[in-house]
>>> print(open('protein.pdb').read())   # PDB, C-alpha atoms, pLDDT in the B column
MODEL        1
ATOM      1  CA  MET A  27      -6.128  12.643   6.015  1.00 40.00           C
ATOM      2  CA  GLY A  28      -7.777  16.022   6.359  1.00 40.00           C
ATOM      3  CA  VAL A  29      -9.614  18.158   8.868  1.00 39.00           C
ATOM      4  CA  ARG A  30     -13.373  18.051   8.541  1.00 41.00           C
ATOM      5  CA  PHE A  31     -15.631  20.751   9.925  1.00 39.00           C
ATOM      6  CA  LYS A  32     -19.090  19.687  11.066  1.00 39.00           C
ATOM      7  CA  TYR A  33     -21.786  22.216  11.858  1.00 38.00           C
ATOM      8  CA  SER A  34     -25.119  21.228  13.355  1.00 36.00           C
ATOM      9  CA  LYS A  35     -28.049  23.294  12.189  1.00 36.00           C
ATOM     10  CA  ILE A  36     -29.018  25.939  14.737  1.00 34.00           C
ATOM     11  CA  SER A  37     -32.796  26.159  14.788  1.00 36.00           C
ATOM     12  CA  GLY A  38     -34.413  29.495  15.394  1.00 36.00           C
ATOM     13  CA  SER A  39     -31.271  31.449  14.520  1.00 36.00           C
ATOM     14  CA  PRO A  40     -31.554  34.184  11.873  1.00 37.00           C
ATOM     15  CA  GLY A  41     -28.437  32.829  10.150  1.00 36.00           C
ATOM     16  CA  SER A  42     -28.829  29.083  10.471  1.00 35.00           C
ATOM     17  CA  VAL A  43     -25.653  27.158   9.554  1.00 36.00           C
ATOM     18  CA  SER A  44     -25.587  23.645   8.102  1.00 36.00           C
ATOM     19  CA  THR A  45     -22.813  21.401   6.802  1.00 36.00           C
ATOM     20  CA  LEU A  46     -22.007  21.878   3.130  1.00 35.00           C
ATOM     21  CA  ARG A  47     -20.227  19.114   1.211  1.00 36.00           C
ATOM     22  CA  GLY A  48     -18.843  18.910  -2.288  1.00 36.00           C
ATOM     23  CA  ILE A  49     -19.121  22.634  -3.036  1.00 35.00           C
ATOM     24  CA  SER A  50     -16.217  23.837  -5.119  1.00 37.00           C
ATOM     25  CA  THR A  51     -14.291  26.934  -4.301  1.00 39.00           C
ATOM     26  CA  SER A  52     -11.717  28.947  -6.179  1.00 39.00           C
ATOM     27  CA  SER A  53      -9.438  29.439  -3.175  1.00 43.00           C
ATOM     28  CA  GLY A  54      -5.753  28.585  -3.327  1.00 45.00           C
ATOM     29  CA  HIS A  55      -6.260  26.089  -0.506  1.00 46.00           C
ATOM     30  CA  THR A  56      -8.473  23.977  -2.773  1.00 49.00           C
ATOM     31  CA  ARG A  57      -5.786  23.885  -5.440  1.00 50.00           C
ATOM     32  CA  THR A  58      -3.297  22.783  -2.778  1.00 48.00           C
ATOM     33  CA  GLN A  59      -5.683  20.000  -1.702  1.00 51.00           C
ATOM     34  CA  SER A  60      -6.029  18.780  -5.297  1.00 53.00           C
ATOM     35  CA  TYR A  61      -2.259  18.746  -5.714  1.00 49.00           C
ATOM     36  CA  LEU A  62      -1.795  16.783  -2.491  1.00 50.00           C
ATOM     37  CA  CYS A  63      -4.456  14.298  -3.578  1.00 55.00           C
ATOM     38  CA  ARG A  64      -2.689  13.720  -6.899  1.00 55.00           C
ATOM     39  CA  MET A  65       0.623  13.255  -5.092  1.00 51.00           C
ATOM     40  CA  ALA A  66      -0.945  10.817  -2.609  1.00 52.00           C
ATOM     41  CA  ALA A  67      -2.494   8.772  -5.410  1.00 52.00           C
ATOM     42  CA  ARG A  68       0.841   8.687  -7.227  1.00 51.00           C
ATOM     43  CA  ARG A  69       2.618   7.600  -4.038  1.00 48.00           C
ATOM     44  CA  ILE A  70       0.140   4.762  -3.459  1.00 52.00           C
ATOM     45  CA  ALA A  71       0.547   3.602  -7.058  1.00 49.00           C
ATOM     46  CA  GLN A  72       4.334   3.549  -6.731  1.00 46.00           C
ATOM     47  CA  SER A  73       4.273   1.591  -3.471  1.00 54.00           C
ATOM     48  CA  SER A  74       1.792  -1.098  -4.588  1.00 74.00           C
ATOM     49  CA  ILE A  75       2.957  -4.657  -3.863  1.00 83.00           C
ATOM     50  CA  ASN A  76       2.838  -7.592  -6.251  1.00 88.00           C
ATOM     51  CA  TRP A  77       1.775 -10.175  -3.682  1.00 90.00           C
ATOM     52  CA  SER A  78       1.671 -13.038  -6.209  1.00 89.00           C
ATOM     53  CA  ALA A  79       5.272 -12.502  -7.278  1.00 89.00           C
ATOM     54  CA  LEU A  80       6.318 -12.122  -3.648  1.00 89.00           C
ATOM     55  CA  ALA A  81       4.522 -15.331  -2.612  1.00 91.00           C
ATOM     56  CA  GLU A  82       6.474 -17.307  -5.227  1.00 91.00           C
ATOM     57  CA  ARG A  83       9.714 -16.376  -3.436  1.00 90.00           C
ATOM     58  CA  VAL A  84       8.569 -17.279   0.087  1.00 92.00           C
ATOM     59  CA  PRO A  85       9.967 -20.591   1.441  1.00 91.00           C
ATOM     60  CA  ALA A  86       7.432 -23.272   2.318  1.00 91.00           C
ATOM     61  CA  ASN A  87       8.271 -23.077   6.039  1.00 93.00           C
ATOM     62  CA  GLN A  88       7.446 -19.334   6.053  1.00 93.00           C
ATOM     63  CA  LYS A  89       4.124 -19.454   4.180  1.00 92.00           C
ATOM     64  CA  SER A  90       2.066 -19.103   7.376  1.00 93.00           C
ATOM     65  CA  SER A  91       4.019 -16.035   8.507  1.00 94.00           C
ATOM     66  CA  PHE A  92       3.690 -14.533   5.038  1.00 93.00           C
ATOM     67  CA  GLY A  93      -0.075 -15.130   5.091  1.00 93.00           C
ATOM     68  CA  ALA A  94      -0.401 -13.443   8.489  1.00 94.00           C
ATOM     69  CA  PHE A  95       1.641 -10.473   7.253  1.00 93.00           C
ATOM     70  CA  LYS A  96      -0.531 -10.094   4.135  1.00 92.00           C
ATOM     71  CA  THR A  97      -3.695 -10.257   6.241  1.00 94.00           C
ATOM     72  CA  LYS A  98      -2.457  -7.387   8.435  1.00 94.00           C
ATOM     73  CA  SER A  99      -1.527  -5.405   5.335  1.00 91.00           C
ATOM     74  CA  ASP A 100      -4.966  -5.959   3.778  1.00 90.00           C
ATOM     75  CA  ILE A 101      -6.684  -4.817   6.987  1.00 92.00           C
ATOM     76  CA  TYR A 102      -4.566  -1.655   7.019  1.00 89.00           C
ATOM     77  CA  VAL A 103      -5.271  -0.915   3.336  1.00 87.00           C
ATOM     78  CA  ARG A 104      -9.013  -1.371   3.827  1.00 89.00           C
ATOM     79  CA  ALA A 105      -8.906   0.997   6.811  1.00 88.00           C
ATOM     80  CA  VAL A 106      -7.086   3.596   4.709  1.00 84.00           C
ATOM     81  CA  LEU A 107      -9.410   3.230   1.721  1.00 84.00           C
ATOM     82  CA  ALA A 108     -12.445   3.570   3.987  1.00 85.00           C
ATOM     83  CA  ASN A 109     -11.526   7.253   4.440  1.00 83.00           C
ATOM     84  CA  PRO A 110     -11.873   9.865   1.676  1.00 81.00           C
ATOM     85  CA  GLU A 111      -8.748  10.395  -0.396  1.00 77.00           C
ATOM     86  CA  CYS A 112      -9.006  14.203  -0.185  1.00 79.00           C
ATOM     87  CA  PRO A 113     -10.231  16.439   2.621  1.00 78.00           C
ATOM     88  CA  PRO A 114     -13.667  18.000   2.031  1.00 80.00           C
ATOM     89  CA  GLN A 115     -13.690  21.269   0.149  1.00 85.00           C
ATOM     90  CA  ILE A 116     -15.174  24.185   2.048  1.00 90.00           C
ATOM     91  CA  ASP A 117     -16.991  27.112   0.455  1.00 91.00           C
ATOM     92  CA  TRP A 118     -15.858  29.770   2.870  1.00 91.00           C
ATOM     93  CA  ALA A 119     -17.642  32.555   0.980  1.00 92.00           C
ATOM     94  CA  ASN A 120     -20.968  30.817   1.435  1.00 92.00           C
ATOM     95  CA  TYR A 121     -20.340  30.312   5.156  1.00 91.00           C
ATOM     96  CA  LYS A 122     -19.502  33.984   5.541  1.00 91.00           C
ATOM     97  CA  LYS A 123     -22.922  34.804   4.112  1.00 90.00           C
ATOM     98  CA  LEU A 124     -24.715  32.388   6.463  1.00 91.00           C
ATOM     99  CA  VAL A 125     -22.850  32.901   9.765  1.00 91.00           C
ATOM    100  CA  PRO A 126     -23.958  36.137  11.472  1.00 90.00           C
ATOM    101  CA  VAL A 127     -20.953  36.359  13.820  1.00 90.00           C
ATOM    102  CA  ALA A 128     -18.444  38.718  12.269  1.00 89.00           C
ATOM    103  CA  GLY A 129     -14.962  37.316  11.853  1.00 90.00           C
ATOM    104  CA  LEU A 130     -15.865  33.788  12.991  1.00 92.00           C
ATOM    105  CA  VAL A 131     -15.593  32.191   9.554  1.00 92.00           C
ATOM    106  CA  ASP A 132     -12.438  34.191   8.830  1.00 92.00           C
ATOM    107  CA  SER A 133     -10.908  32.843  12.026  1.00 93.00           C
ATOM    108  CA  PHE A 134     -11.852  29.259  11.119  1.00 92.00           C
ATOM    109  CA  GLN A 135     -10.502  29.692   7.589  1.00 92.00           C
ATOM    110  CA  LYS A 136      -7.231  31.116   8.861  1.00 94.00           C
ATOM    111  CA  GLN A 137      -6.751  28.210  11.289  1.00 93.00           C
ATOM    112  CA  TYR A 138      -7.754  25.674   8.628  1.00 90.00           C
ATOM    113  CA  ASP A 139      -5.335  27.079   6.045  1.00 89.00           C
ATOM    114  CA  ALA A 140      -2.541  27.189   8.635  1.00 90.00           C
ATOM    115  CA  LEU A 141      -3.069  23.557   9.623  1.00 88.00           C
ATOM    116  CA  LYS A 142      -0.399  21.288   8.162  1.00 86.00           C
ATOM    117  CA  VAL A 143      -0.570  17.536   8.687  1.00 83.00           C
ATOM    118  CA  PRO A 144       2.933  16.180   7.994  1.00 86.00           C
ATOM    119  CA  TYR A 145       3.325  12.964   6.082  1.00 83.00           C
ATOM    120  CA  PRO A 146       4.494  10.219   8.496  1.00 86.00           C
ATOM    121  CA  GLN A 147       8.256   9.902   8.561  1.00 87.00           C
ATOM    122  CA  ASP A 148       9.639   6.653   7.184  1.00 88.00           C
ATOM    123  CA  LYS A 149      11.789   5.112   9.922  1.00 87.00           C
ATOM    124  CA  VAL A 150      11.766   1.534   8.637  1.00 90.00           C
ATOM    125  CA  SER A 151      12.989   1.613   5.029  1.00 89.00           C
ATOM    126  CA  SER A 152      16.541   2.462   6.087  1.00 90.00           C
ATOM    127  CA  GLN A 153      16.569  -0.544   8.428  1.00 91.00           C
ATOM    128  CA  VAL A 154      15.296  -2.800   5.641  1.00 90.00           C
ATOM    129  CA  ASP A 155      17.939  -1.456   3.253  1.00 90.00           C
ATOM    130  CA  ALA A 156      20.631  -2.132   5.854  1.00 89.00           C
ATOM    131  CA  GLU A 157      19.438  -5.717   6.301  1.00 89.00           C
ATOM    132  CA  ILE A 158      19.363  -6.234   2.537  1.00 88.00           C
ATOM    133  CA  LYS A 159      22.890  -4.873   2.216  1.00 88.00           C
ATOM    134  CA  ALA A 160      24.102  -7.088   5.072  1.00 86.00           C
ATOM    135  CA  SER A 161      22.500 -10.198   3.611  1.00 90.00           C
ATOM    136  CA  GLN A 162      23.704  -9.464   0.079  1.00 90.00           C
ATOM    137  CA  SER A 163      27.221 -10.655   0.908  1.00 87.00           C
ATOM    138  CA  GLU A 164      25.789 -13.925   2.228  1.00 89.00           C
ATOM    139  CA  ILE A 165      23.689 -14.299  -0.916  1.00 91.00           C
ATOM    140  CA  ASP A 166      26.694 -13.649  -3.159  1.00 92.00           C
ATOM    141  CA  ALA A 167      28.809 -16.170  -1.233  1.00 91.00           C
ATOM    142  CA  TYR A 168      26.060 -18.791  -1.451  1.00 93.00           C
ATOM    143  CA  LYS A 169      25.638 -18.212  -5.187  1.00 95.00           C
ATOM    144  CA  LYS A 170      29.392 -18.484  -5.748  1.00 95.00           C
ATOM    145  CA  ALA A 171      29.601 -21.732  -3.764  1.00 95.00           C
ATOM    146  CA  SER A 172      26.551 -23.105  -5.591  1.00 96.00           C
ATOM    147  CA  GLU A 173      28.072 -22.301  -8.979  1.00 96.00           C
ATOM    148  CA  GLN A 174      31.264 -24.109  -7.942  1.00 96.00           C
ATOM    149  CA  ARG A 175      29.272 -27.161  -6.837  1.00 96.00           C
ATOM    150  CA  ILE A 176      27.392 -27.144 -10.128  1.00 97.00           C
ATOM    151  CA  GLN A 177      30.661 -27.134 -12.062  1.00 96.00           C
ATOM    152  CA  ASN A 178      31.968 -30.056  -9.976  1.00 96.00           C
ATOM    153  CA  TYR A 179      28.761 -32.029 -10.485  1.00 96.00           C
ATOM    154  CA  GLN A 180      28.877 -31.376 -14.215  1.00 96.00           C
ATOM    155  CA  LYS A 181      32.440 -32.707 -14.323  1.00 94.00           C
ATOM    156  CA  GLU A 182      31.366 -35.839 -12.421  1.00 91.00           C
ATOM    157  CA  ILE A 183      28.428 -36.348 -14.771  1.00 94.00           C
ATOM    158  CA  ALA A 184      30.688 -35.935 -17.795  1.00 94.00           C
ATOM    159  CA  HIS A 185      33.122 -38.463 -16.291  1.00 87.00           C
ATOM    160  CA  LEU A 186      30.361 -41.006 -15.623  1.00 89.00           C
ATOM    161  CA  LYS A 187      29.044 -40.621 -19.164  1.00 91.00           C
ATOM    162  CA  SER A 188      32.521 -41.315 -20.518  1.00 90.00           C
ATOM    163  CA  LEU A 189      32.719 -44.665 -18.706  1.00 88.00           C
ATOM    164  CA  LEU A 190      31.515 -48.036 -19.845  1.00 89.00           C
ATOM    165  CA  PRO A 191      28.004 -48.953 -18.677  1.00 89.00           C
ATOM    166  CA  TYR A 192      28.168 -50.790 -15.360  1.00 84.00           C
ATOM    167  CA  GLU A 193      26.638 -53.939 -16.813  1.00 89.00           C
ATOM    168  CA  GLN A 194      29.528 -54.123 -19.305  1.00 90.00           C
ATOM    169  CA  MET A 195      32.350 -53.518 -16.793  1.00 88.00           C
ATOM    170  CA  THR A 196      34.730 -56.190 -15.594  1.00 87.00           C
ATOM    171  CA  MET A 197      36.343 -55.992 -12.157  1.00 83.00           C
ATOM    172  CA  GLU A 198      39.454 -54.580 -13.801  1.00 85.00           C
ATOM    173  CA  ASP A 199      37.405 -51.891 -15.588  1.00 87.00           C
ATOM    174  CA  TYR A 200      35.766 -50.919 -12.308  1.00 85.00           C
ATOM    175  CA  ARG A 201      39.158 -50.738 -10.561  1.00 81.00           C
ATOM    176  CA  ASP A 202      40.505 -48.474 -13.289  1.00 84.00           C
ATOM    177  CA  ALA A 203      37.434 -46.192 -13.129  1.00 84.00           C
ATOM    178  CA  PHE A 204      37.096 -46.086  -9.323  1.00 83.00           C
ATOM    179  CA  PRO A 205      40.463 -46.930  -7.766  1.00 80.00           C
ATOM    180  CA  ASP A 206      39.483 -45.565  -4.335  1.00 78.00           C
ATOM    181  CA  SER A 207      36.441 -47.817  -3.899  1.00 76.00           C
ATOM    182  CA  ALA A 208      37.510 -50.883  -5.877  1.00 76.00           C
ATOM    183  CA  LEU A 209      38.932 -54.009  -4.239  1.00 73.00           C
ATOM    184  CA  ASP A 210      42.726 -54.182  -4.310  1.00 74.00           C
ATOM    185  CA  PRO A 211      43.763 -57.554  -2.824  1.00 75.00           C
ATOM    186  CA  LEU A 212      47.438 -56.983  -3.608  1.00 71.00           C
ATOM    187  CA  ASN A 213      47.987 -53.503  -2.191  1.00 73.00           C
ATOM    188  CA  LYS A 214      45.024 -53.282   0.222  1.00 75.00           C
ATOM    189  CA  PRO A 215      43.849 -56.788   1.116  1.00 79.00           C
ATOM    190  CA  THR A 216      40.580 -56.972   3.056  1.00 77.00           C
ATOM    191  CA  PHE A 217      38.460 -59.688   4.654  1.00 67.00           C
ATOM    192  CA  TRP A 218      35.153 -60.758   3.196  1.00 71.00           C
ATOM    193  CA  PRO A 219      32.558 -59.179   2.948  1.00 74.00           C
ATOM    194  CA  HIS A 220      35.086 -56.344   2.511  1.00 76.00           C
ATOM    195  CA  THR A 221      33.098 -53.807   4.565  1.00 80.00           C
ATOM    196  CA  PRO A 222      34.918 -51.431   6.967  1.00 79.00           C
ATOM    197  CA  GLU A 223      33.272 -52.991  10.015  1.00 81.00           C
ATOM    198  CA  GLU A 224      34.801 -56.414   9.294  1.00 79.00           C
ATOM    199  CA  GLN A 225      38.378 -55.205   8.917  1.00 80.00           C
ATOM    200  CA  VAL A 226      41.174 -55.518  11.479  1.00 78.00           C
ATOM    201  CA  GLY A 227      41.564 -52.431  13.656  1.00 83.00           C
ATOM    202  CA  TYR A 228      38.140 -51.030  12.820  1.00 84.00           C
ATOM    203  CA  LYS A 229      36.719 -48.679  15.464  1.00 86.00           C
ATOM    204  CA  SER A 230      33.196 -47.377  15.549  1.00 86.00           C
ATOM    205  CA  LYS A 231      32.309 -43.719  15.818  1.00 84.00           C
ATOM    206  CA  GLU A 232      31.350 -44.181  19.468  1.00 87.00           C
ATOM    207  CA  GLN A 233      34.737 -45.784  20.241  1.00 85.00           C
ATOM    208  CA  LEU A 234      36.605 -42.917  18.582  1.00 85.00           C
ATOM    209  CA  GLU A 235      34.595 -40.370  20.550  1.00 86.00           C
ATOM    210  CA  ALA A 236      35.266 -42.207  23.805  1.00 86.00           C
ATOM    211  CA  GLU A 237      38.996 -42.289  23.080  1.00 84.00           C
ATOM    212  CA  ALA A 238      38.955 -38.591  22.266  1.00 84.00           C
ATOM    213  CA  GLN A 239      37.393 -37.945  25.702  1.00 84.00           C
ATOM    214  CA  GLY A 240      40.015 -40.063  27.462  1.00 76.00           C
ATOM    215  CA  HIS A 241      37.836 -43.141  28.123  1.00 62.00           C
ATOM    216  CA  HIS A 242      39.012 -46.635  27.295  1.00 55.00           C
TER
ENDMDL
END
>>> encode(input="protein.pdb", output="structure tokens")
Amino acid sequence: MGVRFKYSKISGSPGSVSTLRGISTSSGHTRTQSYLCRMAARRIAQSSINWSALAERVPANQKSSFGAFKTKSDIYVRAVLANPECPPQIDWANYKKLVPVAGLVDSFQKQYDALKVPYPQDKVSSQVDAEIKASQSEIDAYKKASEQRIQNYQKEIAHLKSLLPYEQMTMEDYRDAFPDSALDPLNKPTFWPHTPEEQVGYKSKEQLEAEAQGHH
């Protein structure tokens, strides 16, 4: 953003003044403006967001919030781009020729050159970095647990592939492959249809909860 001087033409005055735009000047202030413009353009280029890549990482249940956030960002960018990238250049020498009041243009130029508009301080990036750092441990723990589960599943798959096809198994083959779930009438006799609910001493989940609370 920059400071823009607007002068309305003074009719009938010997030294009428009108707004001049786009007139180059060799002053050091103009060189400073050009440098700031280049730095601003470079900063915008570095902070551009790849929305498509970001959208691919957004969970389905957060798509609406992501869309609302992008809409606000687009509105802000359009508002910024609606303004000129660089402040208007002022030909102070030409104004000094046109303005009859001695020292007036010099005073304006001095105040204009002394004006410094600081770049807004970033107070959010540090908070975002802290949240990323805090969540990184959770991400690492989740990845480690997921890798362990994958290894276990791969072992189970390898074990199942090493077995006989189910249609070729006898009851003895099934008992040898799955001793925990196979029928064992000698060591663990059960009543037909051999489901937990039909066995002696079976208690439902509700009954166990009631006993835990002291109800009979």
>>> atom_distance(input="protein.pdb", atom1="CA of Gln177 (chain A)", atom2="CA of Glu193 (chain A)")
27.5 Å
>>> residues_around(input="protein.pdb", residues="Phe204 (chain A)", least_positions_apart="4", cutoff="12 Å", atoms="all atoms listed in the file", output="PyMOL selection string")
chain A and resi 185-186+189+192+195+197-200+208-210
>>> closest_residue(input="protein.pdb", among="A:Asp139, A:Asp117, A:Asp100, A:Asp202", to="Leu190 (chain A)", atoms="all atoms listed in the file")
A:Asp202
>>> atom_distance(input="protein.pdb", atom1="CA of Asn178 (chain A)", atom2="CA of Pro205 (chain A)")
19.0 Å
>>> residues_around(input="protein.pdb", residues="Leu80 (chain A)", least_positions_apart="2", cutoff="12 Å", atoms="all atoms listed in the file", output="list in words")
Ser74, Ile75, Asn76, Trp77, Ser78, Glu82, Arg83, Val84, Pro85, Lys89, Phe92, Gly93, Phe95 and Lys96 of chain A
>>> atom_distance(input="protein.pdb", atom1="CA of Gln153 (chain A)", atom2="CA of Ile101 (chain A)")
23.7 Å
